[in-house]
Structure formats: structure tokens, C-alpha cells
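With PDB, C-alpha atoms and all ligand atoms inside, this is upload37.pdb:
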```
ATOM      1  CA  MET A   1       0.000   0.000   0.000  1.00  0.00           C
ATOM      2  CA  PHE A   2       1.104   3.579  -0.572  1.00  0.00           C
ATOM      3  CA  VAL A   3      -1.025   6.684   0.157  1.00  0.00           C
ATOM      4  CA  GLY A   4      -3.765   4.678   1.888  1.00  0.00           C
ATOM      5  CA  HIS A   5      -1.340   4.288   4.807  1.00  0.00           C
ATOM      6  CA  TYR A   6      -1.815   7.998   5.477  1.00  0.00           C
ATOM      7  CA  GLY A   7      -5.554   7.627   6.152  1.00  0.00           C
ATOM      8  CA  PRO A   8      -5.167   6.353   9.735  1.00  0.00           C
ATOM      9  CA  ALA A   9      -2.478   8.990  10.407  1.00  0.00           C
ATOM     10  CA  ALA A  10      -4.819  11.795   9.349  1.00  0.00           C
ATOM     11  CA  ALA A  11      -7.762  10.284  11.238  1.00  0.00           C
ATOM     12  CA  VAL A  12      -6.012  10.469  14.624  1.00  0.00           C
ATOM     13  CA  ALA A  13      -3.941  13.642  14.101  1.00  0.00           C
ATOM     14  CA  GLY A  14      -4.845  17.030  15.505  1.00  0.00           C
ATOM     15  CA  LYS A  15      -5.010  17.126  19.293  1.00  0.00           C
ATOM     16  CA  ARG A  16      -2.626  14.481  20.578  1.00  0.00           C
ATOM     17  CA  ILE A  17      -0.234  13.965  17.720  1.00  0.00           C
ATOM     18  CA  LYS A  18       0.895  16.185  14.883  1.00  0.00           C
ATOM     19  CA  LEU A  19      -0.050  15.157  11.364  1.00  0.00           C
ATOM     20  CA  TRP A  20       3.583  14.957  10.303  1.00  0.00           C
ATOM     21  CA  HIS A  21       4.421  12.659  13.214  1.00  0.00           C
ATOM     22  CA  GLY A  22       1.640  10.342  12.058  1.00  0.00           C
ATOM     23  CA  PHE A  23       2.932  10.568   8.485  1.00  0.00           C
ATOM     24  CA  VAL A  24       6.372   9.354   9.559  1.00  0.00           C
ATOM     25  CA  ALA A  25       4.868   6.657  11.820  1.00  0.00           C
ATOM     26  CA  VAL A  26       2.630   5.014   9.211  1.00  0.00           C
ATOM     27  CA  GLN A  27       5.517   4.813   6.726  1.00  0.00           C
ATOM     28  CA  LEU A  28       8.271   4.002   9.232  1.00  0.00           C
ATOM     29  CA  LEU A  29       8.675   0.434   7.933  1.00  0.00           C
ATOM     30  CA  ASP A  30       9.109   1.731   4.370  1.00  0.00           C
ATOM     31  CA  ILE A  31      11.336   4.631   5.523  1.00  0.00           C
ATOM     32  CA  LEU A  32      13.632   1.961   7.019  1.00  0.00           C
ATOM     33  CA  TRP A  33      13.182  -0.351   4.021  1.00  0.00           C
ATOM     34  CA  ALA A  34      14.602   2.175   1.537  1.00  0.00           C
ATOM     35  CA  PRO A  35      18.096   2.585   3.086  1.00  0.00           C
ATOM     36  CA  PHE A  36      18.165  -1.138   3.944  1.00  0.00           C
ATOM     37  CA  VAL A  37      17.696  -1.894   0.236  1.00  0.00           C
ATOM     38  CA  LEU A  38      20.290   0.719  -0.761  1.00  0.00           C
ATOM     39  CA  VAL A  39      22.972  -0.809   1.479  1.00  0.00           C
ATOM     40  CA  GLY A  40      22.012  -4.404   0.672  1.00  0.00           C
ATOM     41  CA  ILE A  41      20.511  -5.511   4.014  1.00  0.00           C
ATOM     42  CA  GLU A  42      17.167  -6.187   2.314  1.00  0.00           C
ATOM     43  CA  HIS A  43      16.525  -6.989  -1.335  1.00  0.00           C
ATOM     44  CA  ALA A  44      13.953  -6.266  -4.019  1.00  0.00           C
ATOM     45  CA  ARG A  45      13.912  -6.360  -7.797  1.00  0.00           C
ATOM     46  CA  ILE A  46      11.892  -4.722 -10.517  1.00  0.00           C
ATOM     47  CA  VAL A  47       9.834  -7.231 -12.500  1.00  0.00           C
ATOM     48  CA  GLU A  48       7.530  -5.550 -15.003  1.00  0.00           C
ATOM     49  CA  ASN A  49       3.879  -6.186 -14.060  1.00  0.00           C
ATOM     50  CA  PHE A  50       4.877  -8.370 -11.100  1.00  0.00           C
ATOM     51  CA  THR A  51       1.484  -7.360  -9.727  1.00  0.00           C
ATOM     52  CA  ALA A  52      -1.331  -5.670 -11.621  1.00  0.00           C
ATOM     53  CA  SER A  53      -0.655  -2.490  -9.601  1.00  0.00           C
ATOM     54  CA  ASN A  54       3.150  -2.159  -9.700  1.00  0.00           C
ATOM     55  CA  HIS A  55       6.450  -3.785 -10.619  1.00  0.00           C
ATOM     56  CA  PHE A  56       7.971  -4.663  -7.227  1.00  0.00           C
ATOM     57  CA  ASP A  57       9.165  -8.147  -6.366  1.00  0.00           C
ATOM     58  CA  LEU A  58       9.797  -7.578  -2.649  1.00  0.00           C
ATOM     59  CA  TYR A  59      11.369 -10.943  -2.034  1.00  0.00           C
ATOM     60  CA  HIS A  60      13.562 -10.206   1.005  1.00  0.00           C
ATOM     61  CA  MET A  61      12.608  -7.686   3.693  1.00  0.00           C
ATOM     62  CA  PRO A  62      12.582  -9.547   7.035  1.00  0.00           C
ATOM     63  CA  TYR A  63      14.060  -6.682   9.080  1.00  0.00           C
ATOM     64  CA  THR A  64      11.381  -4.149   8.191  1.00  0.00           C
ATOM     65  CA  HIS A  65       8.322  -6.070   7.007  1.00  0.00           C
ATOM     66  CA  SER A  66       8.193  -9.374   8.893  1.00  0.00           C
ATOM     67  CA  LEU A  67       5.327  -9.510  11.385  1.00  0.00           C
ATOM     68  CA  VAL A  68       7.677  -9.954  14.319  1.00  0.00           C
ATOM     69  CA  MET A  69       9.876  -6.985  13.320  1.00  0.00           C
ATOM     70  CA  ALA A  70       6.836  -4.810  12.571  1.00  0.00           C
ATOM     71  CA  LEU A  71       5.805  -5.408  16.187  1.00  0.00           C
ATOM     72  CA  VAL A  72       9.324  -4.596  17.406  1.00  0.00           C
ATOM     73  CA  TRP A  73       9.518  -1.328  15.403  1.00  0.00           C
ATOM     74  CA  SER A  74       6.018  -0.367  16.624  1.00  0.00           C
ATOM     75  CA  LEU A  75       7.035  -0.850  20.256  1.00  0.00           C
ATOM     76  CA  VAL A  76      10.346   0.984  19.776  1.00  0.00           C
ATOM     77  CA  ALA A  77       8.614   3.909  18.059  1.00  0.00           C
ATOM     78  CA  GLY A  78       5.846   4.058  20.685  1.00  0.00           C
ATOM     79  CA  PHE A  79       8.261   4.112  23.635  1.00  0.00           C
ATOM     80  CA  ALA A  80      10.592   6.578  21.898  1.00  0.00           C
ATOM     81  CA  TYR A  81       7.655   8.894  21.171  1.00  0.00           C
ATOM     82  CA  ASN A  82       6.485   8.746  24.793  1.00  0.00           C
ATOM     83  CA  ALA A  83      10.017   9.536  25.965  1.00  0.00           C
ATOM     84  CA  TRP A  84      10.096  12.533  23.604  1.00  0.00           C
ATOM     85  CA  ARG A  85       6.545  13.931  23.875  1.00  0.00           C
ATOM     86  CA  LYS A  86       5.372  12.434  27.219  1.00  0.00           C
ATOM     87  CA  CYS A  87       2.169  11.075  25.609  1.00  0.00           C
ATOM     88  CA  GLY A  88       0.821   9.673  22.371  1.00  0.00           C
ATOM     89  CA  GLY A  89       3.188   6.688  22.240  1.00  0.00           C
ATOM     90  CA  ALA A  90       0.354   4.147  22.040  1.00  0.00           C
ATOM     91  CA  ILE A  91      -1.142   6.007  19.070  1.00  0.00           C
ATOM     92  CA  ILE A  92       2.224   6.177  17.310  1.00  0.00           C
ATOM     93  CA  GLY A  93       2.901   2.490  17.983  1.00  0.00           C
ATOM     94  CA  ALA A  94      -0.513   1.555  16.566  1.00  0.00           C
ATOM     95  CA  LEU A  95       0.104   3.733  13.493  1.00  0.00           C
ATOM     96  CA  VAL A  96       3.476   2.093  12.856  1.00  0.00           C
ATOM     97  CA  PHE A  97       1.840  -1.334  13.081  1.00  0.00           C
ATOM     98  CA  SER A  98      -1.068  -0.306  10.832  1.00  0.00           C
ATOM     99  CA  HIS A  99       1.495  -0.260   7.990  1.00  0.00           C
ATOM    100  CA  TRP A 100       1.935  -4.033   8.292  1.00  0.00           C
ATOM    101  CA  ILE A 101      -1.836  -4.682   8.372  1.00  0.00           C
ATOM    102  CA  PHE A 102      -2.418  -2.714   5.156  1.00  0.00           C
ATOM    103  CA  ASP A 103       0.657  -4.216   3.471  1.00  0.00           C
ATOM    104  CA  PHE A 104      -0.672  -7.670   4.437  1.00  0.00           C
ATOM    105  CA  ILE A 105      -3.920  -6.862   2.616  1.00  0.00           C
ATOM    106  CA  THR A 106      -2.232  -5.482  -0.524  1.00  0.00           C
ATOM    107  CA  HIS A 107       1.038  -7.395  -1.032  1.00  0.00           C
ATOM    108  CA  LYS A 108       1.494 -10.778  -2.654  1.00  0.00           C
ATOM    109  CA  PRO A 109       2.743 -13.216   0.016  1.00  0.00           C
ATOM    110  CA  ASP A 110       6.092 -11.513   0.673  1.00  0.00           C
ATOM    111  CA  LEU A 111       5.727 -10.621   4.369  1.00  0.00           C
ATOM    112  CA  GLU A 112       7.510 -13.154   6.551  1.00  0.00           C
ATOM    113  CA  LEU A 113       5.717 -13.848   9.825  1.00  0.00           C
ATOM    114  CA  TRP A 114       9.084 -14.343  11.512  1.00  0.00           C
ATOM    115  CA  PHE A 115      12.671 -14.768  10.297  1.00  0.00           C
ATOM    116  CA  GLY A 116      12.599 -17.657   7.856  1.00  0.00           C
ATOM    117  CA  GLY A 117       8.911 -18.287   8.571  1.00  0.00           C
ATOM    118  CA  PRO A 118       6.013 -18.545   6.134  1.00  0.00           C
ATOM    119  CA  LYS A 119       5.198 -15.502   4.025  1.00  0.00           C
ATOM    120  CA  ALA A 120       1.816 -13.790   4.134  1.00  0.00           C
ATOM    121  CA  GLY A 121      -0.071 -11.368   1.884  1.00  0.00           C
ATOM    122  CA  LEU A 122      -3.612 -11.305   0.500  1.00  0.00           C
ATOM    123  CA  GLY A 123      -2.607  -9.853  -2.879  1.00  0.00           C
ATOM    124  CA  LEU A 124      -5.032  -6.962  -3.389  1.00  0.00           C
ATOM    125  CA  TRP A 125      -2.393  -5.408  -5.680  1.00  0.00           C
ATOM    126  CA  ASP A 126      -3.412  -7.956  -8.312  1.00  0.00           C
ATOM    127  CA  HIS A 127      -6.741  -6.107  -8.630  1.00  0.00           C
ATOM    128  CA  ARG A 128      -5.568  -2.667  -9.656  1.00  0.00           C
ATOM    129  CA  THR A 129      -8.882  -0.781  -9.810  1.00  0.00           C
ATOM    130  CA  ILE A 130      -9.964  -2.048  -6.402  1.00  0.00           C
ATOM    131  CA  ALA A 131      -6.487  -1.503  -4.926  1.00  0.00           C
ATOM    132  CA  VAL A 132      -6.301   2.113  -6.139  1.00  0.00           C
ATOM    133  CA  SER A 133      -9.873   2.771  -4.971  1.00  0.00           C
ATOM    134  CA  VAL A 134      -9.077   1.426  -1.500  1.00  0.00           C
ATOM    135  CA  GLU A 135      -5.958   3.639  -1.305  1.00  0.00           C
ATOM    136  CA  PHE A 136      -7.932   6.779  -2.127  1.00  0.00           C
ATOM    137  CA  ALA A 137     -10.911   5.820   0.063  1.00  0.00           C
ATOM    138  CA  LEU A 138      -8.643   5.375   3.100  1.00  0.00           C
ATOM    139  CA  LEU A 139      -6.763   8.599   2.396  1.00  0.00           C
ATOM    140  CA  LEU A 140      -9.873  10.714   1.870  1.00  0.00           C
ATOM    141  CA  ALA A 141     -11.751   9.229   4.849  1.00  0.00           C
ATOM    142  CA  GLY A 142      -8.791  10.008   7.094  1.00  0.00           C
ATOM    143  CA  PHE A 143      -8.496  13.560   5.804  1.00  0.00           C
ATOM    144  CA  MET A 144     -12.205  14.261   6.193  1.00  0.00           C
ATOM    145  CA  ILE A 145     -11.877  13.335   9.892  1.00  0.00           C
ATOM    146  CA  PHE A 146      -8.720  15.459  10.204  1.00  0.00           C
ATOM    147  CA  LEU A 147     -10.294  18.513   8.551  1.00  0.00           C
ATOM    148  CA  LYS A 148     -13.349  18.229  10.834  1.00  0.00           C
ATOM    149  CA  ALA A 149     -11.181  17.932  13.954  1.00  0.00           C
ATOM    150  CA  THR A 150      -9.045  20.972  13.079  1.00  0.00           C
ATOM    151  CA  LYS A 151      -9.660  24.504  11.900  1.00  0.00           C
ATOM    152  CA  SER A 152      -7.751  26.732   9.570  1.00  0.00           C
ATOM    153  CA  LYS A 153      -5.601  29.553  10.966  1.00  0.00           C
ATOM    154  CA  GLY A 154      -5.798  31.392   7.649  1.00  0.00           C
ATOM    155  CA  VAL A 155      -5.735  30.830   3.933  1.00  0.00           C
ATOM    156  CA  GLY A 156      -2.716  28.529   4.316  1.00  0.00           C
ATOM    157  CA  GLY A 157      -4.868  26.130   6.304  1.00  0.00           C
ATOM    158  CA  VAL A 158      -6.985  25.605   3.210  1.00  0.00           C
ATOM    159  CA  ILE A 159      -4.191  25.584   0.628  1.00  0.00           C
ATOM    160  CA  ALA A 160      -1.791  23.268   2.482  1.00  0.00           C
ATOM    161  CA  PRO A 161      -4.140  20.230   2.726  1.00  0.00           C
ATOM    162  CA  VAL A 162      -5.099  20.642  -0.936  1.00  0.00           C
ATOM    163  CA  VAL A 163      -1.432  20.735  -2.018  1.00  0.00           C
ATOM    164  CA  LEU A 164      -0.695  17.703   0.170  1.00  0.00           C
ATOM    165  CA  LEU A 165      -3.610  15.680  -1.207  1.00  0.00           C
ATOM    166  CA  VAL A 166      -2.777  16.577  -4.822  1.00  0.00           C
ATOM    167  CA  ALA A 167       0.870  15.556  -4.268  1.00  0.00           C
ATOM    168  CA  LEU A 168      -0.210  12.259  -2.719  1.00  0.00           C
ATOM    169  CA  ALA A 169      -2.721  11.536  -5.477  1.00  0.00           C
ATOM    170  CA  ALA A 170      -0.152  12.305  -8.192  1.00  0.00           C
ATOM    171  CA  ALA A 171       2.430  10.015  -6.583  1.00  0.00           C
ATOM    172  CA  GLN A 172      -0.112   7.224  -6.219  1.00  0.00           C
ATOM    173  CA  LEU A 173      -1.192   7.434  -9.861  1.00  0.00           C
ATOM    174  CA  VAL A 174       2.396   7.566 -11.172  1.00  0.00           C
ATOM    175  CA  GLY A 175       3.191   4.506  -9.041  1.00  0.00           C
ATOM    176  CA  ASN A 176       0.202   2.562 -10.371  1.00  0.00           C
ATOM    177  CA  PHE A 177       0.116   3.676 -13.991  1.00  0.00           C
ATOM    178  CA  GLY A 178       3.627   4.982 -14.723  1.00  0.00           C
ATOM    179  CA  PRO A 179       6.580   3.055 -16.185  1.00  0.00           C
ATOM    180  CA  PRO A 180       8.597   0.733 -13.925  1.00  0.00           C
ATOM    181  CA  PRO A 181      11.511   2.312 -12.036  1.00  0.00           C
ATOM    182  CA  GLY A 182      14.932   1.582 -13.488  1.00  0.00           C
ATOM    183  CA  SER A 183      16.035  -0.478 -10.501  1.00  0.00           C
ATOM    184  CA  ALA A 184      15.147  -1.315  -6.911  1.00  0.00           C
ATOM    185  CA  ALA A 185      17.783   1.215  -5.789  1.00  0.00           C
ATOM    186  CA  GLU A 186      16.125   3.919  -7.879  1.00  0.00           C
ATOM    187  CA  ALA A 187      12.750   3.007  -6.342  1.00  0.00           C
ATOM    188  CA  ALA A 188      14.256   3.182  -2.838  1.00  0.00           C
ATOM    189  CA  GLN A 189      15.769   6.631  -3.512  1.00  0.00           C
ATOM    190  CA  THR A 190      12.452   7.886  -4.897  1.00  0.00           C
ATOM    191  CA  ALA A 191      10.676   6.502  -1.829  1.00  0.00           C
ATOM    192  CA  ILE A 192      12.966   8.372   0.582  1.00  0.00           C
ATOM    193  CA  ILE A 193      12.428  11.647  -1.292  1.00  0.00           C
ATOM    194  CA  ALA A 194       8.663  11.113  -1.524  1.00  0.00           C
ATOM    195  CA  TYR A 195       8.236  10.295   2.167  1.00  0.00           C
ATOM    196  CA  GLY A 196      10.352  13.334   3.051  1.00  0.00           C
ATOM    197  CA  VAL A 197       8.286  15.648   0.841  1.00  0.00           C
ATOM    198  CA  PHE A 198       4.990  14.282   2.194  1.00  0.00           C
ATOM    199  CA  ALA A 199       6.138  14.680   5.806  1.00  0.00           C
ATOM    200  CA  ALA A 200       7.261  18.259   5.046  1.00  0.00           C
ATOM    201  CA  LEU A 201       3.884  19.077   3.466  1.00  0.00           C
ATOM    202  CA  ALA A 202       2.142  17.537   6.501  1.00  0.00           C
ATOM    203  CA  PHE A 203       4.323  19.802   8.697  1.00  0.00           C
ATOM    204  CA  TRP A 204       3.005  22.763   6.676  1.00  0.00           C
ATOM    205  CA  VAL A 205      -0.566  21.539   7.302  1.00  0.00           C
ATOM    206  CA  ASP A 206       0.204  21.290  11.043  1.00  0.00           C
ATOM    207  CA  ALA A 207       1.548  24.850  11.028  1.00  0.00           C
ATOM    208  CA  SER A 208      -1.498  26.236   9.255  1.00  0.00           C
ATOM    209  CA  ARG A 209      -4.298  24.449  11.131  1.00  0.00           C
ATOM    210  CA  THR A 210      -5.114  24.024  14.814  1.00  0.00           C
ATOM    211  CA  ALA A 211      -7.175  21.483  16.779  1.00  0.00           C
ATOM    212  CA  LYS A 212     -10.779  22.549  17.423  1.00  0.00           C
TER     213      LYS A 212
HETATM  214 ZN    ZN B   1       5.580  -1.410   3.321  1.00  0.00          ZN
END
```

Could I get this file's structure written as C-alpha cells?
Ligand SMILES: [Zn+2]
Amino acid sequence: MFVGHYGPAAAVAGKRIKLWHGFVAVQLLDILWAPFVLVGIEHARIVENFTASNHFDLYHMPYTHSLVMALVWSLVAGFAYNAWRKCGGAIIGALVFSHWIFDFITHKPDLELWFGGPKAGLGLWDHRTIAVSVEFALLLAGFMIFLKATKSKGVGGVIAPVVLLVALAAAQLVGNFGPPPGSAAEAAQTAIIAYGVFAALAFWVDASRTAK
């Protein structure tokens, strides 16, 4: 899954956690995956039309996307957030783990349950129209809750969410309908940049809106 991950982050952001914190949390497993692929700890390859939705054969990612490590990263992130902000760690931990749940629904069976264990994945990516619809439904539902729970401080509070949603939608559509990336390393570099840009735009939204 890609932008659908942001739905739960938006749904709970506002009072207790910042939107951009949620944005980092829901993609933490992928934010770790990208450098792990670049340095060769985890492995992926580009296989054109590997699924109906994209071209990723994610055949080795036990440190970021196994069930057991998703739980570990969720706990680490939750405790670290509590140490930093004094509250909200349970929300952040749940958001980090939500990434695995949604990846489990969308991926082919490439998510190890534990190191060397069986691989899980329900394969929604093989149904592109449904997969893309689910991504956008989750994203928009989350943002409707966020926009209701917060109010704009000025014109920026209206513009920033629109810019963020347009950027997310564009990235999703390029990912689903664009040409395959040149290599797994290229995909990992693009992912790091994209997650950074989205978190920065979410920071702008945080700065321009306030909890009701
Ligand atoms: Zn993932």
C-alpha cells in the first residue's frame, strides 16, 4: 500500500499527535526499508507487471516487514515517542503497526511472519482498480476526519491540505500507472524523497491548522 497508509495517520492527528508525526509513523517500515535496500541488508527487484498495480518483487525484507519486526519497530517507536513527547506513544505504535496490516492486505505473500517463517499477503495489488480505490478511500476518509477535527488559521490552512492531497494523489497514480523504475535502488531513492516531501507538506498543514 502507498497513500492509503496515510488515512489512519490523518484520522487520529490534531489534538494528541501532529499530522507529520503520524505521516512518519505510518511509513516508518518503508522509511527503514529504503536505506536497507540501498545498502544491501534487504533486497527487491523490478519485475515488469509483477502485480497488476506495480512492478515490485519484494522478495527479502525480514528486518522491516516481517510480522515480528513490525511489532518490534512499533514498540520501539511508541516508547521513543512517549520519551520525547510524554504522551501519544500508544497512538504512534498503533500507526506504525497499521502499515503491516495494510501491506498484508495489498502485497502478494512476501511478508515473513518471523525470520525464515512462512510468508503472508492477501494480494489486493493484483486487482488494480480495487487496490487504487481502496488507497484513495482510506486517504480521503482520514483527511475528512482530520479537517473536521481541526480549523484553519488562515488561507494557508486551506491551501496546504489541498497541495498535500494533490501531491499524494499524483504520486499514487504515477506509481500505479507509470513506467517501472529503473532499478530497486532507484525506487528506494524515490521513496525516501517522496516520504520526506509528504512529511514536510504535513508539517506545513500542522503549522497552518489548529485542533478545534
Ligand atoms: Zn511497506

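Within the file as shown, the PyMOL selection byres (((not hetatm)) within 6 of (chain B and resi 1)) identifies Leu29, Asp30 and Asp103 of chain A.
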
Requested write-out: C-alpha atoms of the selected residues, as a compact mmCIF listing (two decimals), in the coordinates of the input:
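Output below, filename selection.txt:
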```
# COMPACT_ATOMS: atom_id res chain seq x y z
CA LEU A 29 8.68 0.43 7.93
CA ASP A 30 9.11 1.73 4.37
CA ASP A 103 0.66 -4.22 3.47
```

* Asked: Within 12 Å of (-2.2, 20.9, 0.7), in the coordinates the file gives, what residues turn up when you count all atoms listed in the file, written out as a ChimeraX atom specification?
  -> /A:143,147,152,155-169,197-209

* Asked: For Pro8 of chain A, which residue among A:Pro181, A:Gly142, A:Gly175, A:Gly121 is the nearest when counting all atoms listed in the file?
  ->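 Ranking A:Pro181, A:Gly142, A:Gly175, A:Gly121 by distance to Pro8 of chain A, first place goes to A:Gly142.
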
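Among the candidates A:Trp114, A:Leu28, A:Val132, A:Ser183, the residue lying nearest to Ala52 of chain A is A:Val132 (atoms considered: only C-alpha atoms).
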
* To do: Name the closest residue to Thr210 of chain A among the candidates A:Phe36, A:Tyr195, A:Phe146, A:Phe102; distances are taken between atoms, counting all atoms listed in the file.
  =>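 Among the listed residues, the smallest separation from Thr210 of chain A belongs to A:Phe146.
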
Quick one: 4 Å padding each side, axis-aligned, all listed atoms of segment 102-118 of chain A - centre and edge lengths in Å to one decimal, as lines of an AutoDock Vina configuration file?
```
center_x = 4.4
center_y = -10.6
center_z = 4.4
size_x = 24.6
size_y = 23.8
size_z = 22.2
```

* Output of the PyMOL selection byres (((chain A and resi 23) around 9) and not hetatm), listed as a PyMOL selection string -> chain A and resi 5-6+9-10+18-22+24-28+95+195+198-199+202

* Asked: If you apply the PyMOL selection byres (((chain A and resi 14) around 7) and not hetatm) to this file, what residues do you get, as number ranges by chain?
  -> A: 12-13, 15-19, 146, 149-150, 211

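Minimum atom-to-atom distances from A:Tyr63, A:Trp100, A:Phe136, A:Phe50 to Trp33 of chain A were compared using only C-alpha atoms, and the lowest value belongs to A:Tyr63.
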
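Proximity of A:Gly40, A:Pro62, A:Gly154, A:Gly196 to Leu113 of chain A, computed with only C-alpha atoms, is greatest for A:Pro62.
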
* Tell me, in Å to one decimal, how far atom CA of Thr64 of chain A is from atom CA of Val76 of chain A. =>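 Atom CA of Thr64 of chain A sits 12.7 Å away from atom CA of Val76 of chain A.
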
* Which residue of A:Leu67, A:Ala185, A:Ile193, A:Cys87 approaches Ile46 of chain A most closely, using only C-alpha atoms ->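 Nearest candidate to Ile46 of chain A out of A:Leu67, A:Ala185, A:Ile193, A:Cys87: A:Ala185.
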
* To do: Take atom CA of Pro179 of chain A and atom CA of Pro109 of chain A and report the distance between them in Å, one decimal.
  =>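 For atom CA of Pro179 of chain A relative to atom CA of Pro109 of chain A, the distance reads 23.3 Å.
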
* Asked: So how many Å separate atom CA of Asp110 of chain A and atom CA of Gly123 of chain A, to one decimal?
  ->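 Atom CA of Gly123 of chain A lies at a distance of 9.5 Å from atom CA of Asp110 of chain A.
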
Could you list, as a short mmCIF file (atom, residue, chain, number, x, y, z; two decimals) with C-alpha atoms, in the frame of the given file, every residue within 7 Å of Glu42 of chain A, counting only C-alpha atoms and ignoring same-chain residues fewer than 3 positions away?
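So around-v9.cif came out as:
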```cif
data_model
loop_
_atom_site.label_atom_id
_atom_site.label_comp_id
_atom_site.auth_asym_id
_atom_site.auth_seq_id
_atom_site.Cartn_x
_atom_site.Cartn_y
_atom_site.Cartn_z
CA PHE A 36 18.16 -1.14 3.94
CA VAL A 37 17.70 -1.89 0.24
CA HIS A 60 13.56 -10.21 1.00
CA MET A 61 12.61 -7.69 3.69
#
```
